[in-house]
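Everything below concerns the one structure shown next.
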Amino acid sequence: MLTTLNPDGPPRPGRRRRLLAAVGLAAALVAPASPANAALPTTPPAPPAPTAASGNAPAAAASGTAPQAAAGTASRTAPGPAPAAAADGFASVHALGQNGTTGGAGGPVVTVTTTAQFLDHIARPGPYVVQVAGTITLPAGGNDGMWNVASDKTIVGLGDDATLAGGGLNIGVPVDDDVTSPPANAVHNVIIRNLHLTGATDDLINVQMFSHHIWIDHNEFSDGDDGAVDIKRGSDFVTVSWNHFHDHDKTLLLGHDEDAGPQDIGRLRVTYHHNFFDRSDQRNPRVRFSALAHVYNNHYNDNSYGVASTYDAAVLMENNYFYSVNNPGRVDFSGDLGRIVERGNILVACNHAIETRGTVPDPRGYYPYTLDPAASVPTIVPAGAGPGRTTALAAPASVAPVPAVAGPDGFAAVAALGQNGTTGGAGGPTVTATNAANFLEHIDTVGPLVIQVTGRIAITSKQGVRPNKTIVGVGDAEITGGGLDFYRSYNVIVRNIDFTDAEDDAINVGQNSHHIWIDHNRFSGAVDGSVDIVRGADYVTVSWNHFDHADKSMLIGHSDGSASTDVGRLKVSIHHNFFDNSRQRHPRVRFGEPVHVYNNYFLGNALYGVASTENAGVLVEGNYFRDVPHPLWSASGYADSGPGRAVQRHNVYVGSGAPETNGTVVEPRTYYPYSLDPAADVPALVLAGAGTGRI
């Protein structure tokens, strides 16, 4: 049964008093809530405590029919809620294959300070938390200054002054009037918080073409040429909360135009709450066709009109506070009539009453919510709306970086082959390399040496590194164009270096090299492998590195014909690395045993995660796989290589395929002790601790 709200009921003493405001009555005239229907009594029971509810909006709701709702609406007596840690309202509803709105959660956290960085990261595939520091100027360009945001993004300002100026954000695929149902590539799961958006040559934010699960929260909007936040063309499940709109004309459009019914009817479900419409002239919001626009606890100050509902849109207005608003709510406004149910609103010095018509679905059919008293709205909303209103938004919550260990762990720590663990250049002099010439001289020096790398070192090909070296970056150290080659080398540590655009491998550990520790580096853009461990190499640990959109991340075992050099060797520990949209080889293993892959974060690896082939023995444990179609190959082999052995335990798989296991593997604890972090904690731990600048 459809649960609806209606404006009819016993005569309300407040209606005549509100009409007197037309002749200038300035006192606060409070209209009591109207009884809606039998399911919604005037004195309601308290609802369940609000949560980021799954909502479970069924198929019936997608056509505009809300399921039976819980009765009643409660009001807070406290000064107001703390800013939500998760989306509420329609953005929290489980629908369209999306369980609420999580944005970039689980993806890398990046801080951007330039236009190029910002535009790069908001358009990347996969989840990202994009932290904006300072002012980013968005160019007008040939797209009216509108810049596309891809799915699964959180865009959040740091501090109270993060600004996007001069352009706007477009959340949605290109407009196509012939598309009347959600396309497979509809943009979804986007969060925008704690930003000042200003000066756009078009809209400040545009949500279009069936985009869904969008949360726009604690922002400031001003001085855009068109809309502040426009939501249209079949978009759905959106929440706009705790924003400050000022010095702007057309604030919020919901529904593109009168011809958009085929895309919009049954959609455009949006929650607007706790926003401050501060002399924003009109469209707060203007609504066409919406299945339900829920407008509650907003503060309206000196507006031409508040809400306009047209073309049979359904709007519920409750517990808002209107001061000096000519028309707080209209259903007869430039086009076919809309529907409004209103209750519990306060109108002060307004020239007209809220126009009401028809019935609307009850939002409690989709999500729980708790109202603040309308009389409290002028206090709590200006105090809480806009950016910088809570320390919780100073930066996204994250796990603090894990302090780097003083020495290696895993196989690089094992006493073997005449080497008591891996100490690098300890005991030797410390030198600084600032250019290619002195860097190449130092890595080719005989004897222990600690080489501190500063700045950008451009080299070519693969350059040999002699034994007993520590190569450590200071600040933003980068090695670009070439890589490091270990040929019968040993006892080498490489840490805190950004390896970019190597013309072959970034690091090649080969020809019986042993006791190598590769830790807290970043790898991107190598033509071949990021880290290859081949030709009898042994006792290697690869830990806390960021493999950033690499292709071939890590090869262990050179080829199918290398059994004579590799069987009984290639013992490697791989832990707490971030395989960030890197395509393959995380690692690909031939012959090595045991290869211990634990507590790594695999994200969006298009081809596969781990491949064990040619009778290699690989233990995969305590890792977190997200959006990896083939987490583990073993019994099937891979490509032209024969099957390997693999054991998996205690891993988490999200949006990923099933792992393929085969046989048994030598237990790593035979060689060294270790402790596992819970796999569920791995994304936070690794994102906080992996890569450069973390030691």
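Residues in the structure tokens are numbered from 1 in each chain, the chains being A, B, ... in the order shown, and ligands are numbered from 1 in the order shown.
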So which residues touch A:Lys469 within 8 Å, counting only C-alpha atoms, skipping near sequence neighbours fewer than 3 positions away, as a compact mmCIF listing (two decimals) with N, CA and C atoms, in the first residue's frame?
# COMPACT_ATOMS: atom_id res chain seq x y z
N GLY A 424 72.73 -3.30 4.69
CA GLY A 424 73.04 -2.26 3.73
C GLY A 424 74.40 -1.63 3.97
N GLY A 425 74.44 -0.32 3.92
CA GLY A 425 75.70 0.40 4.07
C GLY A 425 76.07 0.76 5.48
N ALA A 426 75.39 0.13 6.47
CA ALA A 426 75.67 0.45 7.86
C ALA A 426 77.15 0.25 8.17
N ILE A 443 77.12 4.39 -6.26
CA ILE A 443 76.60 3.02 -6.27
C ILE A 443 77.64 2.04 -6.82
N GLY A 447 82.68 -1.33 -1.06
CA GLY A 447 82.58 -1.16 0.38
C GLY A 447 81.27 -0.55 0.80
N PRO A 448 80.98 -0.59 2.11
CA PRO A 448 79.69 -0.10 2.61
C PRO A 448 79.57 1.42 2.45
N LEU A 449 78.36 1.84 2.10
CA LEU A 449 78.11 3.26 1.86
C LEU A 449 76.62 3.52 2.05
N VAL A 450 76.29 4.59 2.75
CA VAL A 450 74.91 5.08 2.84
C VAL A 450 74.80 6.25 1.88
N ILE A 451 74.00 6.08 0.84
CA ILE A 451 73.87 7.09 -0.21
C ILE A 451 72.52 7.78 -0.05
N VAL A 465 74.56 -1.88 -9.04
CA VAL A 465 74.76 -1.49 -7.65
C VAL A 465 75.63 -2.54 -6.98
N ARG A 466 76.76 -2.11 -6.43
CA ARG A 466 77.65 -3.03 -5.73
C ARG A 466 77.10 -3.38 -4.35
N ASN A 491 73.27 -7.64 0.17
CA ASN A 491 73.22 -6.71 1.30
C ASN A 491 72.99 -5.26 0.83
N VAL A 492 71.87 -5.07 0.15
CA VAL A 492 71.53 -3.74 -0.36
C VAL A 492 70.13 -3.36 0.12
N ILE A 493 69.99 -2.13 0.55
CA ILE A 493 68.71 -1.57 0.97
C ILE A 493 68.37 -0.40 0.05
Next on the checklist: Can you tell me which residues surround A:Ala646 at a distance of at most 12 Å, considering only C-alpha atoms, apart from same-chain residues fewer than 4 positions away, and format the answer as JSON, numbers by chain?
Outcome noted: {"A": [588, 589, 590, 591, 592, 593, 594, 595, 596, 597, 610, 611, 612, 613, 614, 615, 616, 617, 618, 619, 620, 621, 631, 632, 633, 634, 635, 636, 637, 659, 660, 661, 662, 663, 664, 665, 666, 667]}
Checklist entry - Can you tell me how far atom CA of A:Lys232 sits from atom CA of A:His256, in Å to one decimal? => result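 Going from atom CA of A:Lys232 over to atom CA of A:His256 covers 5.1 Å.
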Next on the checklist: Could you list, as a count of residues only, every residue within 9 Å of A:Phe276, counting only C-alpha atoms and ignoring same-chain residues fewer than 3 positions away?
Outcome noted: 14
Next on the checklist: I'd like to know which of A:Asp202, A:Glu342, A:Asp247, A:Glu355 is closest to A:Asn320, using only C-alpha atoms.
Outcome noted: A:Glu342
Item to check | Residue nearest A:Arg669 - candidates A:Val414, A:Ile459, A:Ile122, A:Ile214, atoms counted: only C-alpha atoms | outcome: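 Result for the nearest residue to A:Arg669: A:Val414.
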Checklist outcome for this item: Expressed in Å, the length from atom CA of A:Val238 to atom CA of A:Ala260 is 18.3 Å
Next on the checklist: Just the number, please: distance in Å from atom CA of A:Glu318 to atom CA of A:Gly365, one decimal.
Outcome noted: 16.2 Å
Item to check | Shell around stretch 408-413 of chain A at 9 Å using only C-alpha atoms, local window under 6 positions removed, as a list in words | outcome: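 Near neighbours after the sequence-gap exclusion: Asn420, Gly421, Thr422, Thr423, Asn491, Ile493, His514, His515, Ile516, Trp517, Asp519, Asp538, Tyr539, Val540, Thr541, Val542, Ser543, Lys571, Val572, Ser573, Ile574, His575, His596, Pro668, Tyr671, Tyr672, Pro673 and Tyr674 of chain A.
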Next on the checklist: Give me, as JSON, numbers by chain, all polymer residues having an atom no more than 7 Å from A:Arg339, counting only C-alpha atoms and skipping those fewer than 3 positions away in the same chain.
Outcome noted: {"A": [309, 312, 313, 314, 315, 331, 356, 357, 358, 359]}
May I have the residues from that selection written out with C-alpha atoms, as a PDB file, in the first residue's frame?
ATOM      1  CA  SER A 309       7.120  22.269  -7.217  1.00  0.00           C
ATOM      2  CA  ASP A 312       3.585  16.850 -10.646  1.00  0.00           C
ATOM      3  CA  ALA A 313       6.779  16.742  -8.596  1.00  0.00           C
ATOM      4  CA  ALA A 314       6.336  15.488  -5.018  1.00  0.00           C
ATOM      5  CA  VAL A 315       7.841  17.731  -2.317  1.00  0.00           C
ATOM      6  CA  VAL A 331       2.898  24.692  -6.654  1.00  0.00           C
ATOM      7  CA  THR A 356      -0.005  22.956  -0.789  1.00  0.00           C
ATOM      8  CA  ARG A 357      -1.545  20.428  -3.129  1.00  0.00           C
ATOM      9  CA  GLY A 358      -2.032  16.676  -3.272  1.00  0.00           C
ATOM     10  CA  THR A 359      -0.164  13.939  -1.440  1.00  0.00           C
TER      11      THR A 359
END
Item to check | helix (DSSP H, G or I) call set, DSSP backbone run, stretch 456-576 of chain A, as a list in words | outcome: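 These are the residues in question: Ala563, Ser564, Thr565 and Asp566 of chain A.
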Write a file of the just-selected residues containing C-alpha atoms, as an mmCIF file, in the first residue's frame.
data_model
loop_
_atom_site.group_PDB
_atom_site.id
_atom_site.type_symbol
_atom_site.label_atom_id
_atom_site.label_comp_id
_atom_site.auth_asym_id
_atom_site.auth_seq_id
_atom_site.Cartn_x
_atom_site.Cartn_y
_atom_site.Cartn_z
ATOM 1 C CA ALA A 563 64.554 -24.157 -13.384
ATOM 2 C CA SER A 564 68.282 -24.908 -13.135
ATOM 3 C CA THR A 565 69.026 -21.530 -11.542
ATOM 4 C CA ASP A 566 65.782 -20.951 -9.655
#
Next on the checklist: For A:Gly691, find every residue with an atom within 6 Å (counting only C-alpha atoms), except residues of its own chain fewer than 6 positions away, and show them as a list in words.
Outcome noted: His520, Asn521, Arg522, Asn545 and His546 of chain A
Item to check | Among the residues A:Ala550, A:Trp147, A:Asp627, A:Ser489, the one that comes closest to A:Asp505 [using only C-alpha atoms] | outcome: A:Ala550
Item to check | Of the listed residues A:Glu478, A:Asp504, A:Asp560, A:Asp548, that which approaches A:Gly693 most closely, counting only C-alpha atoms | outcome: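 Distance minimum relative to A:Gly693 lands on A:Glu478.
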Checklist entry - Could you pull out all residues of stretch 276-318 of chain A with a DSSP call of strand (DSSP E) and give them as a ChimeraX atom specification? => result /A:276-278,286-288,293-296,299-301,305-310,314-318
Item to check | Within 7 Å of A:Ile354 using only C-alpha atoms, minus same-chain residues under 6 positions, as number ranges by chain | outcome: A: 328-330
Save the residues we just selected, N, CA and C atoms, as a short mmCIF file (atom, residue, chain, number, x, y, z; two decimals), in the first residue's frame?
data_model
loop_
_atom_site.label_atom_id
_atom_site.label_comp_id
_atom_site.auth_asym_id
_atom_site.auth_seq_id
_atom_site.Cartn_x
_atom_site.Cartn_y
_atom_site.Cartn_z
N PRO A 328 7.42 31.32 0.18
CA PRO A 328 8.17 30.19 0.73
C PRO A 328 8.01 28.89 -0.05
N GLY A 329 6.80 28.63 -0.57
CA GLY A 329 6.58 27.39 -1.30
C GLY A 329 5.48 27.57 -2.32
N ARG A 330 5.72 27.09 -3.55
CA ARG A 330 4.75 27.31 -4.62
C ARG A 330 4.50 26.02 -5.39
#
Checklist entry - Smallest atom-to-atom distance to A:Asp580: which of A:Arg495, A:Arg649, A:Arg488, A:Arg124, using only C-alpha atoms? => result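 Closest to A:Asp580 of all the choices is A:Arg124.
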Next on the checklist: With distances taken over only C-alpha atoms, which residue among A:Asn219, A:Asn185, A:Ser290, A:Thr113 lies nearest A:Asp257?
Outcome noted: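 Going through A:Asn219, A:Asn185, A:Ser290, A:Thr113 one by one, the smallest distance to A:Asp257 is for A:Ser290.
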Sorted by chain and rising residue number, which residues of stretch 214-262 of chain A lie within 12 Å of stretch 156-165 of chain A, and what are their closest atom pairs and distances in Å to one decimal, counting only C-alpha atoms, as CSV?
residue,atom,partner,partner_atom,distance
A:Trp215,CA,A:Val156,CA,11.5
A:Ile216,CA,A:Val156,CA,10.2
A:Asp217,CA,A:Val156,CA,9.6
A:His218,CA,A:Val156,CA,9.7
A:Asn219,CA,A:Gly157,CA,9.0
A:Glu220,CA,A:Thr163,CA,9.2
A:Phe221,CA,A:Leu164,CA,10.0
A:Ser222,CA,A:Ala165,CA,10.0
A:Asp223,CA,A:Ala165,CA,9.9
A:Gly224,CA,A:Ala165,CA,9.6
Write the residues you've just listed into a file as a PDB file, in the first residue's frame, and include C-alpha atoms for each of them.
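Dumped to again05.pdb:
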ATOM      1  CA  TRP A 215      26.433  13.332  -1.282  1.00  0.00           C
ATOM      2  CA  ILE A 216      27.121  17.089  -1.329  1.00  0.00           C
ATOM      3  CA  ASP A 217      27.820  18.195   2.228  1.00  0.00           C
ATOM      4  CA  HIS A 218      29.309  21.105   4.212  1.00  0.00           C
ATOM      5  CA  ASN A 219      30.275  23.225   1.223  1.00  0.00           C
ATOM      6  CA  GLU A 220      29.937  26.919   0.405  1.00  0.00           C
ATOM      7  CA  PHE A 221      28.516  28.015  -2.959  1.00  0.00           C
ATOM      8  CA  SER A 222      28.655  31.528  -4.368  1.00  0.00           C
ATOM      9  CA  ASP A 223      28.772  33.601  -7.535  1.00  0.00           C
ATOM     10  CA  GLY A 224      28.195  30.996 -10.234  1.00  0.00           C
TER      11      GLY A 224
END
